[in-house]
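Structure file final-v9.tsv (TSV, C-alpha atoms and all ligand atoms) is printed below.
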```tsv
chain	number	residue	atom	x	y	z
A	1	MET	CA	-27.39	-8.89	-18.20
A	2	TRP	CA	-29.29	-7.16	-15.43
A	3	SER	CA	-31.67	-4.18	-15.36
A	4	THR	CA	-31.64	-3.64	-11.60
A	5	LEU	CA	-28.93	-4.78	-9.26
A	6	LYS	CA	-28.42	-4.80	-5.51
A	7	THR	CA	-24.82	-5.09	-4.43
A	8	ASP	CA	-22.28	-4.14	-1.82
A	9	ALA	CA	-19.88	-1.53	-3.18
A	10	ILE	CA	-17.01	0.78	-2.29
A	11	VAL	CA	-16.99	4.09	-4.17
A	12	ILE	CA	-13.53	4.75	-5.61
A	13	ALA	CA	-14.10	7.92	-7.66
A	14	SER	CA	-16.69	10.51	-8.61
A	15	GLU	CA	-16.99	13.76	-10.51
A	16	PRO	CA	-19.67	16.33	-11.39
A	17	TRP	CA	-21.85	15.20	-14.26
A	18	LYS	CA	-24.16	17.40	-16.33
A	19	GLU	CA	-25.84	20.18	-14.37
A	20	ALA	CA	-26.92	18.62	-11.11
A	21	ASP	CA	-25.65	15.05	-11.11
A	22	ARG	CA	-22.53	13.19	-10.14
A	23	ARG	CA	-20.98	10.25	-11.90
A	24	TYR	CA	-19.51	7.49	-9.73
A	25	ARG	CA	-17.26	4.50	-10.06
A	26	ALA	CA	-17.36	1.78	-7.44
A	27	LEU	CA	-15.78	-1.60	-6.80
A	28	THR	CA	-18.14	-4.50	-6.10
A	29	PRO	CA	-17.59	-8.09	-4.92
A	30	ARG	CA	-19.17	-9.80	-7.92
A	31	ASN	CA	-19.65	-7.21	-10.68
A	32	GLY	CA	-16.17	-5.71	-10.81
A	33	LYS	CA	-15.96	-1.97	-11.33
A	34	LEU	CA	-19.36	-0.34	-11.88
A	35	GLU	CA	-20.10	3.10	-13.29
A	36	PHE	CA	-23.34	4.85	-12.45
A	37	VAL	CA	-24.94	8.28	-12.15
A	38	GLY	CA	-26.38	9.86	-9.00
A	39	ARG	CA	-29.30	12.05	-10.10
A	40	GLY	CA	-29.46	15.38	-8.32
A	41	ALA	CA	-26.44	14.44	-6.24
A	42	ARG	CA	-25.15	18.00	-6.42
A	43	LYS	CA	-28.25	19.69	-5.06
A	44	GLY	CA	-31.34	18.72	-3.12
A	45	LYS	CA	-30.59	15.05	-2.61
A	46	ALA	CA	-27.66	15.78	-0.32
A	47	LYS	CA	-28.29	12.55	1.56
A	48	LEU	CA	-27.58	10.49	-1.53
A	49	ALA	CA	-24.28	12.27	-2.12
A	50	ALA	CA	-23.28	11.97	1.54
A	51	HIS	CA	-23.90	8.23	1.48
A	52	LEU	CA	-21.80	7.89	-1.64
A	53	GLU	CA	-18.69	9.41	-0.06
A	54	PRO	CA	-15.68	7.11	-0.39
A	55	PHE	CA	-14.31	4.82	2.33
A	56	ALA	CA	-17.45	3.01	3.33
A	57	ILE	CA	-19.11	-0.21	2.27
A	58	VAL	CA	-22.52	0.73	0.91
A	59	LYS	CA	-25.49	-1.32	-0.16
A	60	LEU	CA	-26.31	-0.01	-3.62
A	61	GLU	CA	-29.36	-0.44	-5.73
A	62	ILE	CA	-28.82	0.59	-9.32
A	63	ILE	CA	-30.92	0.44	-12.45
A	64	LYS	CA	-29.66	0.11	-16.00
A	65	GLY	CA	-31.58	2.27	-18.45
A	66	ALA	CA	-31.22	2.70	-22.18
A	67	ARG	CA	-28.81	5.57	-21.83
A	68	SER	CA	-27.25	5.35	-18.39
A	69	THR	CA	-26.99	3.41	-15.17
A	70	THR	CA	-28.49	5.23	-12.20
A	71	VAL	CA	-28.38	4.70	-8.46
A	72	ILE	CA	-31.86	4.41	-6.91
A	73	GLY	CA	-30.94	3.39	-3.38
A	74	VAL	CA	-27.94	3.57	-1.09
A	75	GLU	CA	-27.35	2.58	2.51
A	76	ARG	CA	-24.10	2.60	4.45
A	77	SER	CA	-23.15	-0.68	6.09
A	78	GLU	CA	-19.56	-0.12	7.25
A	79	VAL	CA	-17.88	3.27	7.54
A	80	PHE	CA	-14.12	3.67	7.91
A	81	THR	CA	-14.24	6.59	10.31
A	82	ALA	CA	-10.50	7.05	10.77
A	83	LEU	CA	-10.11	7.42	7.00
A	84	ALA	CA	-12.75	10.15	7.03
A	85	THR	CA	-10.92	12.19	9.66
A	86	ALA	CA	-7.16	11.49	9.57
A	87	ILE	CA	-5.32	13.01	6.62
A	88	GLU	CA	-2.37	10.57	6.24
A	89	PRO	CA	-4.25	7.26	5.93
A	90	ARG	CA	-6.91	9.05	3.88
A	91	LEU	CA	-4.33	10.18	1.32
A	92	LEU	CA	-2.97	6.67	1.08
A	93	ALA	CA	-6.45	5.19	0.64
A	94	LEU	CA	-7.29	7.87	-1.96
A	95	ALA	CA	-4.09	7.09	-3.86
A	96	ALA	CA	-4.98	3.37	-3.92
A	97	ALA	CA	-8.56	4.13	-5.03
A	98	THR	CA	-7.34	6.47	-7.79
A	99	LEU	CA	-4.85	3.88	-9.04
A	100	ILE	CA	-7.59	1.24	-9.18
A	101	ASP	CA	-9.84	3.70	-10.99
A	102	LYS	CA	-7.16	4.48	-13.58
A	103	THR	CA	-6.05	0.93	-14.25
A	104	VAL	CA	-9.03	-1.41	-13.83
A	105	ARG	CA	-11.45	-1.62	-16.75
A	106	PRO	CA	-15.21	-1.68	-16.01
A	107	ASP	CA	-15.59	-5.05	-17.69
A	108	LEU	CA	-12.85	-6.77	-15.71
A	109	GLU	CA	-14.47	-9.36	-13.46
A	110	ASP	CA	-12.28	-9.91	-10.46
A	111	GLU	CA	-13.90	-11.03	-7.24
A	112	THR	CA	-10.72	-10.87	-5.24
A	113	LEU	CA	-9.74	-7.29	-6.10
A	114	TYR	CA	-12.68	-6.02	-4.02
A	115	GLN	CA	-11.48	-8.11	-1.07
A	116	GLU	CA	-7.92	-6.90	-1.61
A	117	PHE	CA	-8.98	-3.24	-1.49
A	118	LEU	CA	-11.25	-3.88	1.49
A	119	GLN	CA	-8.34	-5.45	3.39
A	120	LEU	CA	-6.22	-2.38	2.70
A	121	LEU	CA	-8.98	0.00	3.88
A	122	ARG	CA	-9.60	-1.97	7.08
A	123	PHE	CA	-5.86	-1.98	7.77
A	124	LEU	CA	-5.43	1.76	7.13
A	125	ASN	CA	-8.50	2.51	9.24
A	126	THR	CA	-6.92	0.95	12.33
A	127	ALA	CA	-3.17	1.36	11.71
A	128	PRO	CA	-1.14	4.00	13.50
A	129	VAL	CA	-0.03	6.97	11.37
A	130	PHE	CA	3.29	6.10	9.74
A	131	PRO	CA	5.97	8.22	8.01
A	132	PRO	CA	6.23	8.77	4.20
A	133	THR	CA	8.80	5.98	3.70
A	134	ARG	CA	6.40	3.44	5.22
A	135	ASN	CA	3.51	4.96	3.21
A	136	THR	CA	5.43	4.35	0.00
A	137	PHE	CA	6.24	0.78	1.05
A	138	VAL	CA	2.59	-0.04	1.88
A	139	LEU	CA	1.21	1.54	-1.30
A	140	GLY	CA	3.92	-0.22	-3.34
A	141	GLY	CA	2.80	-3.51	-1.76
A	142	PHE	CA	-0.78	-2.80	-2.75
A	143	LEU	CA	0.31	-2.05	-6.35
A	144	LEU	CA	2.21	-5.34	-6.59
A	145	ARG	CA	-1.05	-7.06	-5.56
A	146	LEU	CA	-3.00	-4.93	-8.04
A	147	LEU	CA	-0.56	-5.95	-10.79
A	148	ARG	CA	-1.32	-9.58	-9.95
A	149	HIS	CA	-5.07	-8.92	-10.35
A	150	LEU	CA	-4.40	-7.26	-13.70
A	151	GLY	CA	-2.55	-10.37	-14.85
A	152	TYR	CA	1.04	-9.27	-14.30
A	153	ASP	CA	2.31	-11.15	-11.30
A	154	VAL	CA	5.98	-10.38	-10.74
A	155	GLU	CA	8.25	-13.45	-10.82
A	156	LEU	CA	10.43	-13.20	-7.71
A	157	GLY	CA	11.08	-16.86	-6.89
A	158	ALA	CA	12.08	-18.68	-10.08
A	159	CYS	CA	14.08	-17.69	-13.15
A	160	LEU	CA	11.82	-16.24	-15.89
A	161	SER	CA	13.69	-18.33	-18.45
A	162	CYS	CA	14.79	-21.72	-17.06
A	163	LYS	CA	12.36	-21.78	-14.05
A	164	ASP	CA	15.12	-22.82	-11.63
A	165	ASP	CA	14.98	-21.30	-8.16
A	166	ILE	CA	16.64	-17.91	-7.94
A	167	ARG	CA	19.76	-18.12	-5.78
A	168	PRO	CA	21.29	-15.20	-3.82
A	169	LEU	CA	23.68	-12.97	-5.81
A	170	ALA	CA	23.07	-14.96	-9.01
A	171	PHE	CA	20.24	-13.08	-10.71
A	172	ARG	CA	19.30	-9.99	-12.68
A	173	TRP	CA	16.11	-7.97	-12.87
A	174	HIS	CA	14.08	-7.51	-16.07
A	175	GLU	CA	11.21	-5.04	-15.66
A	176	GLY	CA	9.82	-5.60	-19.17
A	177	ARG	CA	9.39	-9.31	-18.54
A	178	GLY	CA	8.40	-8.65	-14.96
A	179	GLY	CA	10.83	-10.46	-12.72
A	180	LEU	CA	14.16	-12.14	-12.11
A	181	VAL	CA	16.38	-14.11	-14.48
A	182	CYS	CA	19.30	-16.24	-13.30
A	183	THR	CA	22.84	-15.25	-14.32
A	184	ASN	CA	23.33	-18.59	-16.15
A	185	CYS	CA	20.53	-17.72	-18.57
A	186	VAL	CA	21.87	-14.17	-19.01
A	187	LEU	CA	25.35	-15.56	-19.84
A	188	GLU	CA	23.97	-18.19	-22.19
A	189	ARG	CA	21.73	-15.79	-24.13
A	190	PRO	CA	23.13	-12.27	-23.66
A	191	GLN	CA	21.19	-10.82	-26.62
A	192	GLU	CA	17.88	-11.99	-25.24
A	193	TRP	CA	18.58	-10.61	-21.77
A	194	PHE	CA	20.67	-7.51	-22.50
A	195	ALA	CA	18.12	-5.26	-20.74
A	196	ALA	CA	18.35	-7.25	-17.48
A	197	ARG	CA	20.10	-5.23	-14.80
A	198	SER	CA	21.64	-5.95	-11.44
A	199	MET	CA	19.57	-5.48	-8.32
A	200	GLU	CA	20.47	-5.65	-4.65
A	201	GLU	CA	19.23	-8.65	-2.69
A	202	GLU	CA	17.53	-6.25	-0.22
A	203	ILE	CA	15.28	-4.86	-2.94
A	204	VAL	CA	14.13	-8.35	-3.95
A	205	THR	CA	13.38	-9.08	-0.29
A	206	LEU	CA	11.32	-5.86	-0.05
A	207	LEU	CA	9.40	-6.70	-3.25
A	208	ARG	CA	8.59	-10.22	-2.03
A	209	PHE	CA	7.59	-9.08	1.44
A	210	ALA	CA	5.51	-6.09	0.25
A	211	ARG	CA	3.54	-8.33	-2.10
A	212	ASP	CA	3.07	-11.41	0.06
A	213	ALA	CA	2.88	-10.35	3.72
A	214	GLN	CA	-0.26	-9.37	5.64
A	215	TYR	CA	-0.74	-5.60	5.65
A	216	THR	CA	-0.22	-5.41	9.42
A	217	ASP	CA	3.16	-7.12	8.98
A	218	LEU	CA	4.26	-4.37	6.58
A	219	LEU	CA	4.71	-2.19	9.66
A	220	ARG	CA	7.37	-4.51	11.12
A	221	PRO	CA	10.61	-4.38	9.09
A	222	SER	CA	12.90	-1.41	9.57
A	223	LEU	CA	13.15	0.43	6.25
A	224	LYS	CA	16.10	2.27	4.77
A	225	ALA	CA	14.95	5.29	2.77
A	226	ASP	CA	17.26	4.57	-0.20
A	227	HIS	CA	16.13	0.92	-0.36
A	228	VAL	CA	12.48	1.96	-0.34
A	229	GLY	CA	13.31	4.55	-3.01
A	230	GLU	CA	14.70	1.83	-5.26
A	231	PHE	CA	11.82	-0.52	-4.41
A	232	ALA	CA	9.34	2.23	-5.35
A	233	ALA	CA	11.15	2.94	-8.63
A	234	CYS	CA	10.87	-0.79	-9.49
A	235	VAL	CA	7.12	-0.86	-8.80
A	236	HIS	CA	6.70	2.36	-10.79
A	237	ASP	CA	8.59	0.86	-13.75
A	238	LEU	CA	6.48	-2.31	-13.61
A	239	MET	CA	3.26	-0.30	-13.57
A	240	ARG	CA	4.48	1.96	-16.38
A	241	PHE	CA	5.54	-0.99	-18.48
A	242	HIS	CA	2.53	-3.25	-17.99
A	243	VAL	CA	-0.50	-1.13	-17.08
A	244	PRO	CA	-1.82	1.16	-19.84
A	245	GLY	CA	-3.91	3.35	-17.51
A	246	TYR	CA	-1.00	4.21	-15.20
A	247	VAL	CA	0.05	7.83	-15.61
A	248	ASN	CA	3.80	7.88	-15.59
A	249	GLU	CA	4.46	11.58	-15.08
A	250	ALA	CA	3.24	11.29	-11.47
A	251	PRO	CA	4.96	8.42	-9.65
A	252	PHE	CA	2.60	6.81	-7.16
A	253	TRP	CA	4.55	7.84	-4.05
A	254	ASN	CA	4.03	11.55	-4.83
A	255	THR	CA	0.35	11.15	-4.04
A	256	THR	CA	1.04	10.08	-0.46
A	257	THR	CA	3.49	12.80	0.46
A	258	ILE	CA	2.12	15.85	2.17
A	259	GLY	CA	3.60	19.30	1.69
B	1	ZN	ZN	17.61	-19.28	-15.65
```

Can you present the structure in this file as structure tokens?
Ligand SMILES: [Zn+2]
Amino acid sequence: MWSTLKTDAIVIASEPWKEADRRYRALTPRNGKLEFVGRGARKGKAKLAAHLEPFAIVKLEIIKGARSTTVIGVERSEVFTALATAIEPRLLALAAATLIDKTVRPDLEDETLYQEFLQLLRFLNTAPVFPPTRNTFVLGGFLLRLLRHLGYDVELGACLSCKDDIRPLAFRWHEGRGGLVCTNCVLERPQEWFAARSMEEEIVTLLRFARDAQYTDLLRPSLKADHVGEFAACVHDLMRFHVPGYVNEAPFWNTTTIG
């Protein structure tokens, strides 16, 4: 355990706390998700609050007391300026931050999740503005990566049951078990796989690509709105099924659509 800690961090959420303070949650490279309080962040110490705005890498110094963890120093080291000024990428980044905040526990140690989120922010900060369909595709891709960090990697290459390679037109989709099952296994054990449903090859391709490609490459493929709609519904179902903190009355793509 530590009593004071210096770390890089990206603030993912904050809210008013007691009379004059704010409470923050931030993602760090080596200490996972940290919660801390900014004393006087709502009055007087405006500089502290300004430095703890989201979408920057900050150097934090925090101290763990008997009752709460408090920030005692903060310095900005990389600011994502486009995210601070352009509404579309900002909404997408906010949606990703909120989803991390809702689904990642403070005690989960995951060094790569910080890097994953940082990659997304750097991409959004330099990418051209793209339409809602592309927004949904990119955020869906991020969620598939988030699922992997939470321990639910989707099986898109081999059959969940017999582990054989999945062949075109010979598979079904099972959201509860998180992936594809070959039709042989479904025919052999229909009771076990009764909930598996058919899925178009295009949707599998979108799921694989959204999860595995570089973010910049997610701008390349032409996207059909109805395919992305089905892709998004799949990701939503996976999140709803496997991630307790995911709020299912607001599908993730709603948060990126303006007006
Ligand atoms: Zn099989």

Point out the residue among A:His149, A:Val37, A:Leu83, A:Leu92 with the least atom-to-atom distance to Gly65 of chain A, counting all atoms listed in the file. A:Val37

Between A:Val186, A:Ile63, A:Leu94, A:Ala82, smallest distance to ligand ZN 1 (chain B) by all atoms listed in the file belongs to A:Val186

I'd like the neighbourhood of Leu206 of chain A as a VMD selection string, where a residue qualifies if any of its atoms comes within 10 Å (using only C-alpha atoms), though same-chain residues fewer than 5 positions away should be ignored. chain A and resid 137 140 to 141 201 211 to 212 218 221 223 227 to 228 230 to 232

Quick check, in Å to one decimal: how far apart do atom CA of Leu52 of chain A and atom CA of Arg76 of chain A lie? 8.4 Å

Using only C-alpha atoms and all ligand atoms, which residue out of A:Leu118, A:Ala195, A:Ala158, A:Leu139 lies closest to ligand ZN 1 (chain B)?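 So, comparing all the options, the nearest one is A:Ala158.
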
Contacts to ligand ZN 1 (chain B) at 9 Å cut-off (only C-alpha atoms and all ligand atoms) as a compact mmCIF listing (two decimals) with C-alpha atoms, keeping the file's coordinate frame:
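That gives us out.txt:
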```txt
# COMPACT_ATOMS: atom_id res chain seq x y z
CA ALA A 158 12.08 -18.68 -10.08
CA CYS A 159 14.08 -17.69 -13.15
CA LEU A 160 11.82 -16.24 -15.89
CA SER A 161 13.69 -18.33 -18.45
CA CYS A 162 14.79 -21.72 -17.06
CA LYS A 163 12.36 -21.78 -14.05
CA ASP A 164 15.12 -22.82 -11.63
CA ASP A 165 14.98 -21.30 -8.16
CA ILE A 166 16.64 -17.91 -7.94
CA PHE A 171 20.24 -13.08 -10.71
CA LEU A 180 14.16 -12.14 -12.11
CA VAL A 181 16.38 -14.11 -14.48
CA CYS A 182 19.30 -16.24 -13.30
CA THR A 183 22.84 -15.25 -14.32
CA ASN A 184 23.33 -18.59 -16.15
CA CYS A 185 20.53 -17.72 -18.57
CA VAL A 186 21.87 -14.17 -19.01
```
